[in-house]
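Below: data18.cif (mmCIF, C-alpha atoms and all ligand atoms)
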data_input
loop_
_atom_site.label_atom_id
_atom_site.label_comp_id
_atom_site.auth_asym_id
_atom_site.auth_seq_id
_atom_site.Cartn_x
_atom_site.Cartn_y
_atom_site.Cartn_z
CA MET A 1 -45.41 140.23 3.14
CA THR A 2 -46.27 141.75 -0.27
CA ASP A 3 -49.93 142.29 0.71
CA MET A 4 -48.96 143.86 4.01
CA LEU A 5 -46.62 146.39 2.34
CA ALA A 6 -48.82 147.25 -0.66
CA PRO A 7 -50.84 150.10 0.99
CA TYR A 8 -47.58 151.82 1.95
CA TYR A 9 -46.04 151.56 -1.53
CA PRO A 10 -46.05 155.34 -2.36
CA TRP A 11 -44.43 156.17 0.99
CA ILE A 12 -41.82 153.45 0.61
CA VAL A 13 -40.88 154.71 -2.90
CA LEU A 14 -40.69 158.26 -1.55
CA LEU A 15 -38.43 157.18 1.32
CA HIS A 16 -36.24 155.16 -1.05
CA LEU A 17 -35.92 158.08 -3.48
CA ALA A 18 -35.20 160.62 -0.70
CA CYS A 19 -32.46 158.42 0.79
CA ALA A 20 -30.99 157.80 -2.69
CA ILE A 21 -30.88 161.57 -3.32
CA VAL A 22 -29.00 162.20 -0.04
CA PHE A 23 -26.57 159.29 -0.62
CA VAL A 24 -25.88 160.01 -4.33
CA GLY A 25 -25.84 163.77 -3.67
CA ALA A 26 -23.15 163.40 -0.98
CA ALA A 27 -20.95 161.35 -3.32
CA ALA A 28 -21.47 163.88 -6.14
CA PHE A 29 -20.57 166.75 -3.78
CA GLU A 30 -17.37 165.01 -2.76
CA VAL A 31 -16.28 164.25 -6.35
CA PHE A 32 -17.36 167.47 -8.07
CA VAL A 33 -16.87 170.05 -5.29
CA LEU A 34 -14.42 168.77 -2.65
CA GLU A 35 -11.93 167.28 -5.13
CA GLY A 36 -11.76 170.59 -6.99
CA LEU A 37 -10.69 172.40 -3.80
CA HIS A 38 -7.32 170.58 -3.87
CA LYS A 39 -6.21 173.08 -6.53
CA VAL A 40 -6.82 176.13 -4.33
CA ILE A 41 -6.31 174.89 -0.74
CA ASP A 42 -3.06 173.53 0.73
CA ILE A 43 -2.67 169.81 1.57
CA ALA A 44 -2.76 170.20 5.38
CA THR A 45 -5.95 172.29 5.37
CA MET A 46 -7.55 169.99 2.81
CA GLY A 47 -6.70 167.01 5.01
CA ARG A 48 -8.49 168.68 7.93
CA ILE A 49 -11.52 169.53 5.78
CA GLU A 50 -11.77 165.93 4.50
CA THR A 51 -11.44 164.50 8.01
CA ALA A 52 -14.19 166.86 9.21
CA VAL A 53 -16.42 165.94 6.23
CA MET A 54 -15.96 162.22 6.92
CA ALA A 55 -16.76 162.69 10.63
CA ARG A 56 -19.94 164.59 9.71
CA VAL A 57 -20.99 161.99 7.13
CA ARG A 58 -20.41 159.16 9.62
CA ARG A 59 -22.96 160.78 11.95
CA PHE A 60 -26.00 160.52 9.70
CA MET A 61 -25.20 158.53 6.54
CA PRO A 62 -25.37 155.04 8.13
CA VAL A 63 -29.04 155.74 9.03
CA VAL A 64 -29.75 157.00 5.49
CA VAL A 65 -28.09 153.92 3.97
CA LEU A 66 -29.97 151.59 6.32
CA LEU A 67 -33.32 153.17 5.34
CA LEU A 68 -32.32 153.07 1.66
CA PHE A 69 -31.67 149.33 1.83
CA LEU A 70 -34.70 148.50 3.99
CA SER A 71 -37.01 150.41 1.63
CA GLY A 72 -35.17 148.78 -1.32
CA PHE A 73 -35.93 145.29 0.04
CA ALA A 74 -39.58 146.23 0.58
CA LEU A 75 -39.85 147.59 -3.00
CA PHE A 76 -38.11 144.50 -4.31
CA ASP A 77 -40.68 142.33 -2.60
CA LEU A 78 -43.54 144.45 -3.96
CA ARG A 79 -42.30 144.71 -7.55
CA CYS A 80 -40.99 141.17 -7.81
CA ASN A 81 -43.72 139.49 -5.80
CA GLY A 82 -41.12 137.88 -3.57
CA LEU A 83 -38.45 136.50 -5.91
CA GLN A 84 -40.80 135.56 -8.77
CA CYS A 85 -39.61 138.06 -11.40
CA LEU A 86 -35.95 137.03 -11.08
CA GLY A 87 -34.59 135.20 -14.10
CA SER A 88 -37.96 135.22 -15.87
CA THR A 89 -38.35 138.80 -17.07
CA ARG A 90 -36.05 141.51 -18.37
CA PHE A 91 -37.29 143.71 -15.51
CA GLY A 92 -36.17 140.97 -13.10
CA TRP A 93 -32.65 140.87 -14.58
CA PHE A 94 -32.31 144.66 -14.43
CA LEU A 95 -33.55 144.67 -10.84
CA LEU A 96 -31.12 141.90 -9.89
CA ALA A 97 -28.22 143.83 -11.51
CA LYS A 98 -29.32 146.97 -9.63
CA ALA A 99 -29.43 145.13 -6.28
CA ILE A 100 -25.98 143.53 -6.87
CA LEU A 101 -24.46 146.95 -7.69
CA ALA A 102 -26.16 148.39 -4.59
CA PHE A 103 -24.44 145.73 -2.46
CA GLY A 104 -21.16 146.69 -4.14
CA VAL A 105 -21.75 150.30 -3.05
CA LEU A 106 -22.62 149.12 0.46
CA GLY A 107 -19.36 147.15 0.67
CA VAL A 108 -17.25 150.15 -0.43
CA PHE A 109 -19.19 152.48 1.91
CA VAL A 110 -18.82 150.24 4.98
CA ASN A 111 -15.13 149.80 4.19
CA ALA A 112 -14.64 153.60 3.91
CA VAL A 113 -16.50 154.30 7.18
CA TRP A 114 -14.41 151.64 8.95
CA ALA A 115 -11.16 153.03 7.48
CA GLY A 116 -12.14 156.60 8.48
CA ALA A 117 -13.01 155.56 12.03
CA HIS A 118 -9.64 153.76 12.40
CA GLY A 119 -7.56 156.61 10.90
CA ARG A 120 -6.73 154.63 7.77
CA MET A 121 -8.31 156.99 5.25
CA ASN A 122 -5.77 159.00 3.29
CA ALA A 123 -6.42 161.63 0.59
CA CYS A 124 -5.83 159.17 -2.26
CA ARG A 125 -8.14 156.49 -0.82
CA PHE A 126 -10.74 159.20 -0.06
CA ARG A 127 -10.73 160.36 -3.69
CA TYR A 128 -10.89 156.92 -5.32
CA THR A 129 -13.55 155.65 -2.90
CA HIS A 130 -15.87 158.49 -3.90
CA ARG A 131 -15.20 158.08 -7.61
CA ILE A 132 -15.97 154.35 -7.45
CA VAL A 133 -19.12 154.91 -5.35
CA LEU A 134 -20.38 157.67 -7.67
CA SER A 135 -19.79 155.53 -10.80
CA LEU A 136 -21.66 152.58 -9.25
CA MET A 137 -24.48 154.90 -8.18
CA ALA A 138 -24.81 156.35 -11.68
CA ALA A 139 -25.24 152.78 -12.98
CA ILE A 140 -27.78 152.00 -10.21
CA VAL A 141 -29.90 155.09 -10.98
CA PHE A 142 -29.71 154.29 -14.72
CA LEU A 143 -30.96 150.74 -14.06
CA ALA A 144 -33.57 151.99 -11.55
CA LYS A 145 -35.27 154.03 -14.24
CA THR A 146 -34.58 152.00 -17.40
CA MET A 147 -35.76 148.71 -15.84
CA PHE A 148 -39.32 149.95 -16.38
CA TYR A 149 -38.89 151.02 -20.01
CA LEU A 150 -36.18 148.96 -21.77
C1 LIG B 201 -27.05 152.51 -3.41
C2 LIG B 201 -28.24 151.98 -3.21
C3 LIG B 201 -29.47 152.34 -4.03
C4 LIG B 201 -29.75 153.46 -4.76
C5 LIG B 201 -28.86 154.69 -4.99
C6 LIG B 201 -31.07 153.28 -5.32
C7 LIG B 201 -31.72 154.20 -6.13
C8 LIG B 201 -32.98 154.04 -6.65
C9 LIG B 201 -33.71 155.04 -7.42
C10 LIG B 201 -33.18 156.43 -7.78
C11 LIG B 201 -34.91 154.51 -7.74
C12 LIG B 201 -36.02 155.19 -8.57
C13 LIG B 201 -37.11 155.69 -7.61
C14 LIG B 201 -38.15 156.48 -8.37
O1 LIG B 201 -37.80 157.38 -9.13
O2 LIG B 201 -39.35 156.24 -8.19
C15 LIG B 201 -34.97 153.17 -7.21
C16 LIG B 201 -36.01 152.29 -7.36
C17 LIG B 201 -36.03 150.99 -6.90
N1 LIG B 201 -35.07 150.39 -6.10
FE1 LIG B 201 -33.36 151.23 -5.47
N2 LIG B 201 -31.57 152.05 -4.91
C18 LIG B 201 -30.61 151.44 -4.12
C19 LIG B 201 -30.70 150.22 -3.49
C20 LIG B 201 -31.70 149.30 -3.71
C21 LIG B 201 -31.75 147.97 -3.16
C22 LIG B 201 -30.68 147.36 -2.24
C23 LIG B 201 -32.89 147.38 -3.62
C24 LIG B 201 -33.45 145.99 -3.36
C25 LIG B 201 -32.76 144.94 -3.05
C26 LIG B 201 -33.58 148.36 -4.44
C27 LIG B 201 -34.79 148.16 -5.09
C28 LIG B 201 -35.46 149.10 -5.84
C29 LIG B 201 -36.75 148.86 -6.51
C30 LIG B 201 -37.55 147.56 -6.49
C31 LIG B 201 -37.09 150.05 -7.16
C32 LIG B 201 -38.37 150.30 -8.00
C33 LIG B 201 -39.34 151.13 -7.18
C34 LIG B 201 -40.61 151.44 -7.93
O3 LIG B 201 -40.68 152.42 -8.67
O4 LIG B 201 -41.56 150.68 -7.75
N3 LIG B 201 -32.82 149.52 -4.47
N4 LIG B 201 -33.78 152.91 -6.53
#
What does the file become when written as C-alpha cells?
Amino acid sequence: MTDMLAPYYPWIVLLHLACAIVFVGAAAFEVFVLEGLHKVIDIATMGRIETAVMARVRRFMPVVVLLLFLSGFALFDLRCNGLQCLGSTRFGWFLLAKAILAFGVLGVFVNAVWAGAHGRMNACRFRYTHRIVLSLMAAIVFLAKTMFYL
C-alpha cells in the first residue's frame, strides 16, 4: 500500500491540508463570527440563521470530512510505513495523539450533524459543540506541525 501511494504523496498532502482548512475554517467562523452576532441580533432571527448555517454545512461538510480522513489514513500509512512508527518514535506518539483527537472531532461532528437533522440542536448545544471542535482542532494542527520538529 505504501509503495502504491508514494507517487501521489504531494497531492494527498495538498488534499488533506485543503480539507483541514475548510473544516477548521468553518469552526473558527462559527465561534468567532456567528457567536458574536448574538449581541446584535434577536434570539428568533439568530435561531433561523443558525439553522440555515447548519443546513448549508450539512450539504458539503460530510464530503470534506470524508476526504480529510481518507487522505489522513493514506498519509499515516506513508509516514508511519504501516503502523511501524507507533510506540517506537516520538513522531509516532505525536501522530497517534493527533489521530485520536481527530476521531474525537469526528465523533462530535457526527453527533452534531445527527442532532441538527433530527431537530435536536439548540443554541446552547450549537455554541458548545463548535467551541469543543475548535479547541480539539487547534490541538490537532499544533500536533500536525510539531510532530516533525519536537
Ligand atoms: C480533524 C481532522 C484532521 C485535521 C484538522 C488535520 C490537520 C492536519 C494538518 C493541518 C496537517 C499539516 C499538513 C501540512 O501542512 O503539510 C496534517 C498532517 C497530517 N495528518 Fe492530519 N488532520 C486530521 C485528521 C487526520 C487523520 C484522521 C489522520 C490519520 C489517521 C491524519 C494524518 C496526518 C499525517 C500523517 C500528516 C503528516 C502529513 C505530512 O506532512 O507528511 N490526519 N493534518
Could you report the residues within 6 Å of ligand LIG 201 (chain B), using all atoms listed in the file, as an MDAnalysis selection string? chainID A and resid 13 17 20 69 72:73 75:76 79 99 102 105 137 140:141 144:145
State, in Å with one decimal place, the distance from CA of Gly36 (chain A) to CA of Ala112 (chain A).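 Result for CA of Gly36 (chain A) versus CA of Ala112 (chain A): 20.4 Å, one decimal.
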Shortest interatomic distance to Met61 (chain A) - which of A:Val110, A:Ile100, A:Val133, A:Met121, counting all atoms listed in the file: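 When distances to Met61 (chain A) are compared using all atoms listed in the file, the smallest one comes from A:Val110.
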Find the distance between CA of Ala18 (chain A) and CA of Leu34 (chain A) and write it in Å to one decimal. 22.4 Å
Once you count only C-alpha atoms, which residues end up no further than 9 Å from (-11.5, 161.8, -4.9) in the file's frame, shown as a list in words? Glu30, Val31, Phe32, Leu34, Glu35, Ala123, Cys124, Arg125, Phe126, Arg127, Tyr128, Thr129, His130 and Arg131 of chain A
Just give me the residues with any atom within 12 Å of (-39.3, 145.8, -25.7), file coordinates, counting all atoms listed in the file, written as a PDB file with C-alpha atoms, keeping the file's coordinate frame.
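result-v5.pdb, freshly written:
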ATOM      1  CA  THR A  89     -38.350 138.800 -17.070  1.00  0.00           C
ATOM      2  CA  ARG A  90     -36.050 141.510 -18.370  1.00  0.00           C
ATOM      3  CA  PHE A  91     -37.290 143.710 -15.510  1.00  0.00           C
ATOM      4  CA  THR A 146     -34.580 152.000 -17.400  1.00  0.00           C
ATOM      5  CA  MET A 147     -35.760 148.710 -15.840  1.00  0.00           C
ATOM      6  CA  PHE A 148     -39.320 149.950 -16.380  1.00  0.00           C
ATOM      7  CA  TYR A 149     -38.890 151.020 -20.010  1.00  0.00           C
ATOM      8  CA  LEU A 150     -36.180 148.960 -21.770  1.00  0.00           C
TER       9      LEU A 150
END
For a test of reading the model, state the distance in Å between CA of Val53 (chain A) and CA of Gly116 (chain A), rounded to one decimal. 10.5 Å
Closest of A:Asp77, A:Arg59, A:His38, A:Ile43 to Leu5 (chain A), counting all atoms listed in the file, is A:Asp77
Of the listed residues A:Val65, A:Leu83, A:Leu136, A:Leu143, that which approaches Phe23 (chain A) most closely, counting all atoms listed in the file: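 Nearest to Phe23 (chain A): A:Val65.
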Output requested as a compact mmCIF listing (two decimals), keeping the file's coordinate frame - region 84-117 of chain A, filled out with N, CA and C atoms.
# COMPACT_ATOMS: atom_id res chain seq x y z
N GLN A 84 -40.23 136.17 -7.55
CA GLN A 84 -40.80 135.56 -8.77
C GLN A 84 -40.32 136.14 -10.10
N CYS A 85 -39.98 137.45 -10.11
CA CYS A 85 -39.61 138.06 -11.40
C CYS A 85 -38.17 137.71 -11.78
N LEU A 86 -37.36 137.25 -10.80
CA LEU A 86 -35.95 137.03 -11.08
C LEU A 86 -35.74 135.92 -12.10
N GLY A 87 -34.92 136.22 -13.10
CA GLY A 87 -34.59 135.20 -14.10
C GLY A 87 -35.68 134.95 -15.12
N SER A 88 -36.88 135.51 -14.92
CA SER A 88 -37.96 135.22 -15.87
C SER A 88 -38.30 136.43 -16.75
N THR A 89 -38.03 137.62 -16.27
CA THR A 89 -38.35 138.80 -17.07
C THR A 89 -37.12 139.70 -17.19
N ARG A 90 -37.14 140.56 -18.21
CA ARG A 90 -36.05 141.51 -18.37
C ARG A 90 -35.99 142.45 -17.16
N PHE A 91 -37.20 142.86 -16.71
CA PHE A 91 -37.29 143.71 -15.51
C PHE A 91 -36.56 143.04 -14.34
N GLY A 92 -36.79 141.72 -14.20
CA GLY A 92 -36.17 140.97 -13.10
C GLY A 92 -34.65 140.99 -13.18
N TRP A 93 -34.12 140.87 -14.42
CA TRP A 93 -32.65 140.87 -14.58
C TRP A 93 -32.07 142.24 -14.25
N PHE A 94 -32.77 143.29 -14.72
CA PHE A 94 -32.31 144.66 -14.43
C PHE A 94 -32.33 144.91 -12.92
N LEU A 95 -33.41 144.45 -12.29
CA LEU A 95 -33.55 144.67 -10.84
C LEU A 95 -32.46 143.92 -10.08
N LEU A 96 -32.17 142.70 -10.54
CA LEU A 96 -31.12 141.90 -9.89
C LEU A 96 -29.77 142.63 -10.03
N ALA A 97 -29.49 143.12 -11.27
CA ALA A 97 -28.22 143.83 -11.51
C ALA A 97 -28.15 145.06 -10.61
N LYS A 98 -29.27 145.76 -10.47
CA LYS A 98 -29.32 146.97 -9.63
C LYS A 98 -29.02 146.60 -8.17
N ALA A 99 -29.63 145.53 -7.68
CA ALA A 99 -29.43 145.13 -6.28
C ALA A 99 -27.97 144.70 -6.05
N ILE A 100 -27.38 143.98 -7.03
CA ILE A 100 -25.98 143.53 -6.87
C ILE A 100 -25.06 144.76 -6.80
N LEU A 101 -25.29 145.73 -7.71
CA LEU A 101 -24.46 146.95 -7.69
C LEU A 101 -24.64 147.69 -6.36
N ALA A 102 -25.90 147.70 -5.85
CA ALA A 102 -26.16 148.39 -4.59
C ALA A 102 -25.36 147.73 -3.45
N PHE A 103 -25.25 146.39 -3.48
CA PHE A 103 -24.44 145.73 -2.46
C PHE A 103 -22.96 146.04 -2.62
N GLY A 104 -22.54 146.25 -3.89
CA GLY A 104 -21.16 146.69 -4.14
C GLY A 104 -20.91 148.04 -3.48
N VAL A 105 -21.87 148.97 -3.66
CA VAL A 105 -21.75 150.30 -3.05
C VAL A 105 -21.70 150.17 -1.53
N LEU A 106 -22.57 149.30 -1.00
CA LEU A 106 -22.62 149.12 0.46
C LEU A 106 -21.26 148.64 0.99
N GLY A 107 -20.67 147.68 0.27
CA GLY A 107 -19.36 147.15 0.67
C GLY A 107 -18.31 148.26 0.71
N VAL A 108 -18.25 149.07 -0.36
CA VAL A 108 -17.25 150.15 -0.43
C VAL A 108 -17.52 151.18 0.67
N PHE A 109 -18.81 151.48 0.90
CA PHE A 109 -19.19 152.48 1.91
C PHE A 109 -18.80 152.02 3.32
N VAL A 110 -19.15 150.77 3.65
CA VAL A 110 -18.82 150.24 4.98
C VAL A 110 -17.31 150.24 5.19
N ASN A 111 -16.58 149.82 4.14
CA ASN A 111 -15.13 149.80 4.19
C ASN A 111 -14.56 151.20 4.45
N ALA A 112 -15.12 152.21 3.76
CA ALA A 112 -14.64 153.60 3.91
C ALA A 112 -14.93 154.13 5.31
N VAL A 113 -16.14 153.83 5.83
CA VAL A 113 -16.50 154.30 7.18
C VAL A 113 -15.57 153.66 8.21
N TRP A 114 -15.30 152.37 8.04
CA TRP A 114 -14.41 151.64 8.95
C TRP A 114 -13.01 152.24 8.89
N ALA A 115 -12.51 152.48 7.66
CA ALA A 115 -11.16 153.03 7.48
C ALA A 115 -11.08 154.42 8.12
N GLY A 116 -12.13 155.25 7.91
CA GLY A 116 -12.14 156.60 8.48
C GLY A 116 -12.13 156.56 9.99
N ALA A 117 -12.91 155.65 10.57
CA ALA A 117 -13.01 155.56 12.03
C ALA A 117 -11.71 155.06 12.66
